[in-house]
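J.: Just coords34.cif, nothing more (mmCIF, C-alpha atoms and all ligand atoms):
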data_structure
loop_
_atom_site.label_atom_id
_atom_site.label_comp_id
_atom_site.auth_asym_id
_atom_site.auth_seq_id
_atom_site.Cartn_x
_atom_site.Cartn_y
_atom_site.Cartn_z
CA MET A 107 20.97 0.85 11.30
CA SER A 108 18.85 -1.50 13.32
CA ALA A 109 15.30 -2.63 12.77
CA THR A 110 12.81 -1.92 15.51
CA SER A 111 9.62 -3.69 16.38
CA SER A 112 6.28 -2.02 15.83
CA PRO A 113 5.06 0.15 18.67
CA ALA A 114 1.46 -0.79 17.90
CA ALA A 115 0.03 -3.52 20.10
CA PRO A 116 -1.52 -6.49 18.31
CA SER A 117 -5.26 -6.73 18.72
CA PRO A 118 -7.36 -9.87 18.64
CA GLY A 119 -8.97 -10.78 15.36
CA ALA A 120 -6.33 -9.27 13.10
CA ALA A 121 -3.24 -11.07 11.76
CA SER A 122 -2.33 -13.66 14.34
CA ALA A 123 1.23 -14.30 13.20
CA THR A 124 3.97 -12.80 15.31
CA GLY A 125 6.47 -13.09 12.46
CA PRO A 126 6.35 -10.82 9.41
CA VAL A 127 3.07 -10.72 7.51
CA LEU A 128 5.06 -10.20 4.32
CA GLU A 129 8.72 -10.77 3.52
CA LEU A 130 10.80 -10.19 0.44
CA ARG A 131 13.97 -12.24 0.61
CA ASP A 132 16.97 -11.48 -1.57
CA VAL A 133 14.82 -10.32 -4.49
CA THR A 134 16.43 -9.46 -7.81
CA VAL A 135 14.48 -8.23 -10.82
CA THR A 136 15.93 -7.34 -14.20
CA PHE A 137 14.19 -5.89 -17.23
CA GLY A 138 16.37 -6.65 -20.23
CA GLY A 139 19.71 -5.18 -19.25
CA VAL A 140 18.31 -3.03 -16.43
CA THR A 141 18.56 -4.26 -12.86
CA ALA A 142 15.50 -2.78 -11.15
CA LEU A 143 16.02 -4.61 -7.82
CA SER A 144 19.16 -6.30 -6.58
CA GLY A 145 19.19 -8.58 -3.54
CA VAL A 146 16.38 -6.67 -1.84
CA GLY A 147 15.01 -7.87 1.48
CA LEU A 148 12.31 -6.35 3.65
CA ALA A 149 9.72 -7.40 6.18
CA VAL A 150 6.32 -6.00 7.04
CA ARG A 151 5.44 -6.85 10.63
CA PRO A 152 2.00 -7.24 12.18
CA HIS A 153 0.19 -3.95 12.84
CA GLN A 154 3.04 -1.97 11.38
CA VAL A 155 3.24 0.71 8.71
CA LEU A 156 6.37 0.01 6.67
CA GLY A 157 7.41 2.80 4.33
CA VAL A 158 9.37 2.23 1.14
CA ILE A 159 11.09 5.30 -0.23
CA GLY A 160 13.82 6.13 -2.69
CA PRO A 161 14.72 8.62 -5.40
CA ASN A 162 13.28 8.38 -8.91
CA GLY A 163 14.11 5.07 -10.55
CA ALA A 164 15.17 3.48 -7.25
CA GLY A 165 12.92 0.48 -7.81
CA LYS A 166 9.87 1.32 -5.66
CA THR A 167 7.23 0.48 -8.25
CA THR A 168 9.00 -2.73 -9.13
CA LEU A 169 9.14 -3.67 -5.46
CA PHE A 170 5.42 -2.89 -5.07
CA ASN A 171 4.63 -5.12 -8.04
CA VAL A 172 6.77 -7.90 -6.63
CA ALA A 173 5.00 -7.61 -3.27
CA CYS A 174 1.63 -7.90 -5.06
CA GLY A 175 2.90 -10.94 -6.93
CA PHE A 176 2.49 -9.19 -10.29
CA VAL A 177 6.18 -9.25 -11.12
CA THR A 178 8.03 -12.49 -10.63
CA PRO A 179 11.58 -11.92 -9.43
CA ASP A 180 14.51 -13.47 -11.29
CA THR A 181 15.73 -14.74 -7.94
CA GLY A 182 14.48 -14.48 -4.37
CA THR A 183 11.20 -15.24 -2.68
CA ILE A 184 8.07 -13.53 -1.39
CA VAL A 185 6.62 -14.99 1.76
CA ARG A 186 3.14 -14.17 3.04
CA GLU A 187 2.62 -15.26 6.66
CA GLY A 188 5.12 -18.06 6.24
CA ARG A 189 3.81 -19.20 2.85
CA GLU A 190 5.86 -18.67 -0.28
CA LEU A 191 3.98 -16.86 -3.03
CA GLY A 192 4.34 -17.49 -6.73
CA ARG A 193 3.00 -15.26 -9.45
CA LEU A 194 -0.47 -13.95 -8.58
CA HIS A 195 -3.41 -12.56 -10.46
CA ALA A 196 -5.24 -9.57 -9.07
CA HIS A 197 -8.29 -11.62 -8.07
CA GLN A 198 -6.13 -13.92 -5.89
CA LEU A 199 -4.91 -11.15 -3.59
CA ALA A 200 -8.11 -10.92 -1.56
CA GLY A 201 -8.01 -14.62 -0.77
CA LEU A 202 -4.57 -14.05 0.75
CA GLY A 203 -5.91 -11.23 2.92
CA MET A 204 -4.13 -8.66 0.78
CA ALA A 205 -5.46 -5.54 -0.87
CA ARG A 206 -3.75 -2.75 -2.73
CA THR A 207 -4.41 0.63 -4.23
CA LEU A 208 -2.65 1.71 -7.39
CA GLN A 209 -1.54 5.10 -8.61
CA GLY A 210 -4.01 4.74 -11.48
CA LEU A 211 -6.91 4.08 -9.02
CA GLY A 212 -8.56 1.58 -11.40
CA LEU A 213 -12.13 2.55 -10.60
CA PHE A 214 -15.00 1.48 -12.84
CA ASP A 215 -16.38 4.68 -14.36
CA ARG A 216 -19.78 3.20 -15.18
CA MET A 217 -20.39 1.81 -11.72
CA SER A 218 -21.54 3.88 -8.77
CA VAL A 219 -19.15 4.53 -5.93
CA LEU A 220 -21.04 2.02 -3.80
CA ASP A 221 -20.81 -0.67 -6.49
CA ASN A 222 -17.10 -0.01 -6.94
CA VAL A 223 -16.63 -0.68 -3.24
CA VAL A 224 -18.93 -3.72 -3.29
CA VAL A 225 -16.57 -5.22 -5.87
CA GLY A 226 -13.82 -4.93 -3.27
CA ALA A 227 -15.96 -6.47 -0.56
CA ASP A 228 -16.80 -9.42 -2.78
CA ARG A 229 -13.98 -11.52 -1.29
CA HIS A 230 -16.36 -12.79 1.38
CA ALA A 231 -19.12 -13.86 -0.97
CA SER A 232 -19.44 -17.62 -1.29
CA VAL A 233 -22.29 -17.82 -3.79
CA GLY A 234 -20.57 -15.75 -6.46
CA PHE A 235 -21.74 -14.22 -9.66
CA LEU A 236 -23.79 -17.20 -10.94
CA GLY A 237 -25.67 -17.39 -7.66
CA SER A 238 -26.48 -13.72 -7.97
CA LEU A 239 -27.78 -14.25 -11.50
CA LEU A 240 -30.01 -17.10 -10.35
CA ALA A 241 -31.18 -14.90 -7.48
CA LEU A 242 -30.54 -17.62 -4.92
CA PRO A 243 -31.73 -16.60 -1.43
CA ARG A 244 -28.21 -16.94 -0.09
CA ALA A 245 -26.91 -14.73 -2.88
CA ALA A 246 -29.46 -12.07 -1.99
CA ARG A 247 -28.42 -12.17 1.65
CA GLU A 248 -24.73 -11.97 0.76
CA GLU A 249 -25.40 -9.10 -1.61
CA ARG A 250 -27.14 -7.25 1.21
CA GLU A 251 -24.25 -7.90 3.57
CA LEU A 252 -21.70 -6.80 0.98
CA ARG A 253 -23.53 -3.56 0.44
CA GLU A 254 -23.76 -2.97 4.18
CA ARG A 255 -20.03 -3.53 4.56
CA ALA A 256 -19.30 -1.25 1.61
CA ARG A 257 -21.49 1.49 3.10
CA ALA A 258 -19.74 1.13 6.44
CA VAL A 259 -16.33 1.63 4.81
CA LEU A 260 -17.61 4.66 2.90
CA GLU A 261 -18.79 6.06 6.24
CA GLU A 262 -15.43 5.34 7.83
CA LEU A 263 -13.66 7.25 5.08
CA GLY A 264 -16.13 10.13 5.21
CA ILE A 265 -17.43 9.68 1.65
CA ALA A 266 -20.82 8.04 2.23
CA ALA A 267 -22.50 11.07 0.65
CA TYR A 268 -20.98 10.04 -2.70
CA ALA A 269 -22.29 6.46 -2.64
CA ASP A 270 -24.63 6.92 -5.61
CA ARG A 271 -22.30 9.11 -7.66
CA TYR A 272 -20.06 7.91 -10.50
CA PRO A 273 -16.27 8.29 -10.28
CA PRO A 274 -15.80 10.61 -13.28
CA SER A 275 -18.01 13.23 -11.58
CA LEU A 276 -15.91 13.32 -8.41
CA PRO A 277 -12.86 15.36 -7.44
CA TYR A 278 -9.60 13.42 -7.54
CA PRO A 279 -9.10 13.25 -3.73
CA VAL A 280 -12.56 11.71 -3.36
CA ARG A 281 -11.81 9.18 -6.07
CA LYS A 282 -8.63 8.28 -4.22
CA ARG A 283 -10.71 7.62 -1.11
CA VAL A 284 -13.10 5.46 -3.12
CA ALA A 285 -10.12 3.38 -4.29
CA LEU A 286 -8.98 3.06 -0.70
CA ALA A 287 -12.51 2.16 0.42
CA ARG A 288 -12.61 -0.59 -2.17
CA ALA A 289 -9.36 -2.03 -0.85
CA LEU A 290 -10.55 -1.83 2.77
CA ALA A 291 -13.91 -3.42 1.98
CA ALA A 292 -12.09 -6.69 1.41
CA GLU A 293 -11.06 -6.52 5.08
CA PRO A 294 -7.39 -7.24 4.35
CA THR A 295 -4.78 -7.93 6.99
CA LEU A 296 -2.14 -6.45 4.68
CA LEU A 297 -2.74 -3.27 2.71
CA LEU A 298 -0.29 -2.21 0.00
CA LEU A 299 -0.46 1.46 -0.96
CA ASP A 300 1.32 2.82 -4.03
CA GLU A 301 1.77 6.61 -3.87
CA PRO A 302 -1.50 7.24 -2.01
CA ALA A 303 -0.63 10.90 -1.40
CA SER A 304 -0.04 11.92 -4.99
CA GLY A 305 -2.34 14.75 -6.02
CA LEU A 306 -3.46 15.51 -2.46
CA SER A 307 -3.20 18.85 -0.66
CA ALA A 308 -1.23 19.16 2.58
CA ASP A 309 -4.44 18.94 4.64
CA GLU A 310 -5.68 15.92 2.71
CA MET A 311 -2.30 14.30 3.19
CA ASP A 312 -2.54 14.86 6.95
CA GLU A 313 -5.96 13.22 6.97
CA LEU A 314 -4.60 10.32 4.96
CA GLY A 315 -1.77 9.93 7.46
CA ASP A 316 -4.22 9.79 10.37
CA LEU A 317 -6.34 7.30 8.50
CA VAL A 318 -3.42 5.01 7.70
CA ARG A 319 -2.35 5.06 11.35
CA SER A 320 -5.90 4.23 12.43
CA LEU A 321 -5.84 1.07 10.32
CA THR A 322 -2.98 -0.56 12.21
CA ASP A 323 -5.21 -2.06 14.89
CA ARG A 324 -6.59 -4.39 12.22
CA MET A 325 -3.94 -4.65 9.50
CA SER A 326 -0.36 -4.01 8.42
CA VAL A 327 0.40 -1.46 5.76
CA MET A 328 3.21 -1.18 3.23
CA LEU A 329 3.38 2.38 1.98
CA VAL A 330 5.36 3.19 -1.16
CA GLU A 331 5.44 6.95 -1.26
CA HIS A 332 7.31 9.98 -2.56
CA HIS A 333 6.03 12.46 0.01
CA MET A 334 8.64 12.25 2.68
CA ASP A 335 6.72 14.21 5.30
CA LEU A 336 3.86 11.70 5.15
CA VAL A 337 6.26 8.76 5.30
CA MET A 338 8.14 10.23 8.24
CA ARG A 339 4.92 10.89 10.10
CA VAL A 340 3.08 7.59 9.70
CA CYS A 341 5.68 4.85 9.31
CA ASP A 342 7.02 2.66 12.11
CA GLU A 343 9.97 1.67 9.95
CA ILE A 344 11.26 2.71 6.56
CA THR A 345 13.23 0.83 3.94
CA VAL A 346 15.18 3.07 1.59
CA LEU A 347 16.04 1.99 -1.95
CA ASP A 348 18.55 3.50 -4.31
CA PHE A 349 19.56 2.04 -7.66
CA GLY A 350 17.60 -1.11 -6.82
CA ARG A 351 19.36 -1.79 -3.52
CA VAL A 352 18.37 -1.30 0.09
CA ILE A 353 20.67 1.47 1.32
CA ALA A 354 19.06 2.00 4.73
CA HIS A 355 16.40 0.64 7.03
CA GLY A 356 15.17 1.83 10.40
CA THR A 357 12.87 4.19 12.22
CA PRO A 358 11.99 7.53 10.60
CA ALA A 359 14.49 9.28 12.85
CA GLU A 360 17.25 6.82 11.97
CA VAL A 361 16.57 7.05 8.25
CA ARG A 362 16.32 10.83 8.29
CA ASP A 363 19.81 11.15 9.71
CA ASP A 364 21.43 8.43 7.65
CA PRO A 365 24.25 9.83 5.51
CA ALA A 366 23.57 7.29 2.74
CA VAL A 367 19.96 8.45 2.53
CA LEU A 368 20.92 12.11 2.50
CA ALA A 369 23.45 11.43 -0.24
CA ALA A 370 20.91 9.49 -2.31
CA TYR A 371 18.41 12.35 -2.15
CA LEU A 372 20.88 15.17 -2.50
CA GLY A 373 20.64 15.45 -6.25
CA GLU A 374 16.85 15.42 -6.08
CA VAL A 375 15.88 17.93 -3.46
CA VAL A 376 18.72 20.38 -2.88
CA GLY A 377 17.06 21.84 0.16
CA ASP A 378 13.65 22.39 -1.42
CA GLU A 379 11.38 21.22 1.36
CA ASP A 380 8.28 21.67 -0.76
CA ALA A 381 9.48 19.10 -3.23
CA PRO A 382 7.70 15.75 -2.82
CA GLY A 383 10.92 13.91 -2.09
CA ALA A 384 12.40 16.49 0.27
CA LEU A 385 13.56 15.25 3.64
CA PRO A 386 12.06 17.46 6.35
CA ALA A 387 14.76 19.18 8.35
CA THR A 388 12.96 18.62 11.62
CA PRO A 389 10.90 15.71 12.88
CA GLU A 390 7.18 16.08 12.23
CA GLY A 391 5.67 14.26 15.10
CA GLY A 392 7.73 11.16 14.37
CA ARG A 393 6.99 8.35 16.73
N1 LIG B 401 9.13 -2.65 -17.62
C1 LIG B 401 10.37 -2.14 -17.54
N2 LIG B 401 11.24 -2.29 -18.55
C2 LIG B 401 12.50 -1.80 -18.49
N3 LIG B 401 12.99 -1.15 -17.43
C3 LIG B 401 12.15 -0.95 -16.38
C4 LIG B 401 10.82 -1.43 -16.38
N4 LIG B 401 10.25 -1.10 -15.20
C5 LIG B 401 11.18 -0.43 -14.51
N5 LIG B 401 12.32 -0.34 -15.21
C6 LIG B 401 13.57 0.29 -14.76
O1 LIG B 401 13.85 -0.24 -13.48
C7 LIG B 401 14.34 0.78 -12.64
C8 LIG B 401 13.43 0.92 -11.42
O2 LIG B 401 12.19 1.44 -11.86
P1 LIG B 401 10.95 1.67 -10.90
O3 LIG B 401 9.84 2.22 -11.74
O4 LIG B 401 10.68 0.46 -10.11
O5 LIG B 401 11.52 2.81 -9.93
P2 LIG B 401 10.71 3.85 -9.02
O6 LIG B 401 11.52 4.00 -7.78
O7 LIG B 401 9.30 3.41 -8.88
O8 LIG B 401 10.79 5.17 -9.88
P3 LIG B 401 9.81 6.46 -9.84
O9 LIG B 401 9.93 7.04 -8.48
O10 LIG B 401 10.41 7.32 -10.89
O11 LIG B 401 8.43 5.96 -10.16
C9 LIG B 401 14.43 2.05 -13.47
O12 LIG B 401 15.73 2.15 -13.99
C10 LIG B 401 13.44 1.78 -14.57
O13 LIG B 401 13.81 2.49 -15.74
#
Give the structure from this file in structure tokens form.
T.:
Amino acid sequence: MSATSSPAAPSPGAASATGPVLELRDVTVTFGGVTALSGVGLAVRPHQVLGVIGPNGAGKTTLFNVACGFVTPDTGTIVREGRELGRLHAHQLAGLGMARTLQGLGLFDRMSVLDNVVVGADRHASVGFLGSLLALPRAAREERELRERARAVLEELGIAAYADRYPPSLPYPVRKRVALARALAAEPTLLLLDEPASGLSADEMDELGDLVRSLTDRMSVMLVEHHMDLVMRVCDEITVLDFGRVIAHGTPAEVRDDPAVLAAYLGEVVGDEDAPGALPATPEGGR
């Protein structure tokens, strides 16, 4: 199965590299006696949505954590725009132009929605927390700009009306959008999404798909996701894992028809198209 280049045209101002914005090369991860990933390679290209799928236990979460730099592989390398990454802490991601959302959302319950998103936008602040405490004029200006950027992202995601609310009072799909807004506020060039569709209705998932596609003019996206219909609809390319190995890679159409992929999912879905992992029988607007 052959890799294809992204159909999305690069736009000025986003990632300038023509090579991959993120590469995993020959990555192996073991936990005790369990091999979670074995010799895995993948590449996220500029302005592309790369999907990562696989049955339960295939290694998707481990791969996501490796891509974020939170799990150090036993062997292999992670390369961000040509630069090899070592182990990272969460606060270092933004400086690398990376942002991610997690299944657990990780919102601050005692901060307003707007403040949660401001935390994400903070990457651009140069004065920092101490400057804010001392109320330096520059800090005040940066604070204003951060809040403006955060409000703009809330508008973009259609949740500006919730700016002054607190996460615990909001429905789950709105909280998911807040988590996404926080990631986008950092203006990343690479967005890593872990199961963004979990807990969403079919309509909400469609909206999420449109939104993810709309981001590709300014960033690349790696989407780790169970919901096959979403993956098939929004991804330019898909890497399929099973038992910690890449068993297929290609366009949605190529992956959908791959016998190895069908075999890997057979035990999981048995023709139940409503199941999260079910492979749709017909293309759903695949590009
Ligand atoms: N911290 C850990 N300690 C031991 N084994 C682990 C650990 N994390 C993952 N594993 C094992 O590694 C393998 C891959 O797990 P991983 O969670 O990455 O798969 P997954 O594709 O995300 O699964 P799911 O779809 O069920 O979330 C599994 O066999 C899992 O049991």
J.: Which residues are near ligand LIG 401 (chain B) - at most 7 Å, using all atoms listed in the file? Format: as a list in words.
T.: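 Final answer, ordered by chain and number: Phe137, Gly138, Val140, Thr141, Ala142, Gly160, Pro161, Asn162, Gly163, Ala164, Gly165, Lys166, Thr167, Thr168, Leu169 and Gly350 of chain A.
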J.: Using all atoms listed in the file for the distances, tell me which of A:Val155, A:Glu261, A:Met217, A:Tyr272 is nearest to Gly315 (chain A).
T.: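 Smallest separation from Gly315 (chain A) among the options: A:Val155.
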J.: Which polymer residues have any atom within 7 Å of an atom of region 336-348 of chain A, counting only C-alpha atoms, with same-chain residues fewer than 5 positions away left out, as a VMD selection string?
T.: chain A and resid 112 154 to 161 164 to 165 311 315 319 331 353 to 358 370 390 to 392
J.: Using all atoms listed in the file, which of A:Glu301, A:Glu262, A:Glu310, A:Asp180 sits nearest Val280 (chain A)?
T.: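 Nearest candidate to Val280 (chain A) out of A:Glu301, A:Glu262, A:Glu310, A:Asp180: A:Glu310.
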J.: Which residue is closest to Leu296 (chain A)? Choose from A:Pro152, A:Gly212, A:Gly147, A:Pro277 and count only C-alpha atoms.
T.: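 Checking each of A:Pro152, A:Gly212, A:Gly147, A:Pro277 against Leu296 (chain A), counting only C-alpha atoms, the winner is A:Pro152.
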J.: I'd like the neighbourhood of region 184-186 of chain A as a VMD selection string, where a residue qualifies if any of its atoms comes within 9 Å (using all atoms listed in the file), though same-chain residues fewer than 3 positions away should be ignored.
T.: chain A and resid 126 to 131 133 172 to 173 175 179 189 to 192 202
J.: Keeping C-alpha atoms, export the residues of the selection given above as a short mmCIF file (atom, residue, chain, number, x, y, z; two decimals), in the coordinates of the input.
T.:
data_model
loop_
_atom_site.label_atom_id
_atom_site.label_comp_id
_atom_site.auth_asym_id
_atom_site.auth_seq_id
_atom_site.Cartn_x
_atom_site.Cartn_y
_atom_site.Cartn_z
CA PRO A 126 6.35 -10.82 9.41
CA VAL A 127 3.07 -10.72 7.51
CA LEU A 128 5.06 -10.20 4.32
CA GLU A 129 8.72 -10.77 3.52
CA LEU A 130 10.80 -10.19 0.44
CA ARG A 131 13.97 -12.24 0.61
CA VAL A 133 14.82 -10.32 -4.49
CA VAL A 172 6.77 -7.90 -6.63
CA ALA A 173 5.00 -7.61 -3.27
CA GLY A 175 2.90 -10.94 -6.93
CA PRO A 179 11.58 -11.92 -9.43
CA ARG A 189 3.81 -19.20 2.85
CA GLU A 190 5.86 -18.67 -0.28
CA LEU A 191 3.98 -16.86 -3.03
CA GLY A 192 4.34 -17.49 -6.73
CA LEU A 202 -4.57 -14.05 0.75
#
J.: Report the distance between CA of Leu290 (chain A) and CA of Leu208 (chain A) in Å, rounded to one decimal place.
T.: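 Here the two named atoms are 13.3 Å from each other.
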J.: Just give me the residues with any atom within 12 Å of (-3.8, -4.6, -1.0), file coordinates, counting all atoms listed in the file, written as a VMD selection string.
T.: chain A and resid 128 170 to 171 173 to 175 196 to 208 226 285 to 300 325 to 329
J.: Measure the distance from CA of Asp132 (chain A) to CA of His332 (chain A) in Å and round it to one decimal.
T.: 23.6 Å
J.: Could you list as a PDB file with C-alpha atoms, in the frame of the given file every residue that has an atom within 12 Å of (-21.1, 11.5, -0.7), using the file's coordinates and counting only C-alpha atoms?
T.:
ATOM      1  CA  SER A 218     -21.540   3.880  -8.770  1.00  0.00           C
ATOM      2  CA  VAL A 219     -19.150   4.530  -5.930  1.00  0.00           C
ATOM      3  CA  LEU A 220     -21.040   2.020  -3.800  1.00  0.00           C
ATOM      4  CA  ARG A 257     -21.490   1.490   3.100  1.00  0.00           C
ATOM      5  CA  LEU A 260     -17.610   4.660   2.900  1.00  0.00           C
ATOM      6  CA  GLU A 261     -18.790   6.060   6.240  1.00  0.00           C
ATOM      7  CA  GLU A 262     -15.430   5.340   7.830  1.00  0.00           C
ATOM      8  CA  LEU A 263     -13.660   7.250   5.080  1.00  0.00           C
ATOM      9  CA  GLY A 264     -16.130  10.130   5.210  1.00  0.00           C
ATOM     10  CA  ILE A 265     -17.430   9.680   1.650  1.00  0.00           C
ATOM     11  CA  ALA A 266     -20.820   8.040   2.230  1.00  0.00           C
ATOM     12  CA  ALA A 267     -22.500  11.070   0.650  1.00  0.00           C
ATOM     13  CA  TYR A 268     -20.980  10.040  -2.700  1.00  0.00           C
ATOM     14  CA  ALA A 269     -22.290   6.460  -2.640  1.00  0.00           C
ATOM     15  CA  ASP A 270     -24.630   6.920  -5.610  1.00  0.00           C
ATOM     16  CA  ARG A 271     -22.300   9.110  -7.660  1.00  0.00           C
ATOM     17  CA  TYR A 272     -20.060   7.910 -10.500  1.00  0.00           C
ATOM     18  CA  PRO A 273     -16.270   8.290 -10.280  1.00  0.00           C
ATOM     19  CA  SER A 275     -18.010  13.230 -11.580  1.00  0.00           C
ATOM     20  CA  LEU A 276     -15.910  13.320  -8.410  1.00  0.00           C
ATOM     21  CA  PRO A 277     -12.860  15.360  -7.440  1.00  0.00           C
ATOM     22  CA  VAL A 280     -12.560  11.710  -3.360  1.00  0.00           C
ATOM     23  CA  ARG A 281     -11.810   9.180  -6.070  1.00  0.00           C
ATOM     24  CA  ARG A 283     -10.710   7.620  -1.110  1.00  0.00           C
ATOM     25  CA  VAL A 284     -13.100   5.460  -3.120  1.00  0.00           C
TER      26      VAL A 284
END
J.: Which value, in Å to one decimal, gives the distance between CA of Gly182 (chain A) and CA of Thr134 (chain A)?
T.: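 According to the coordinates, CA of Gly182 (chain A) and CA of Thr134 (chain A) are separated by 6.4 Å.
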J.: Box time for region 315-326 of chain A: axis-aligned, enclosing all its listed atoms, 6 Å extra on each side; report centre and edge lengths in Å to one decimal, as JSON.
T.:
{"center_x": -3.5, "center_y": 2.6, "center_z": 11.2, "size_x": 18.2, "size_y": 26.6, "size_z": 19.4}
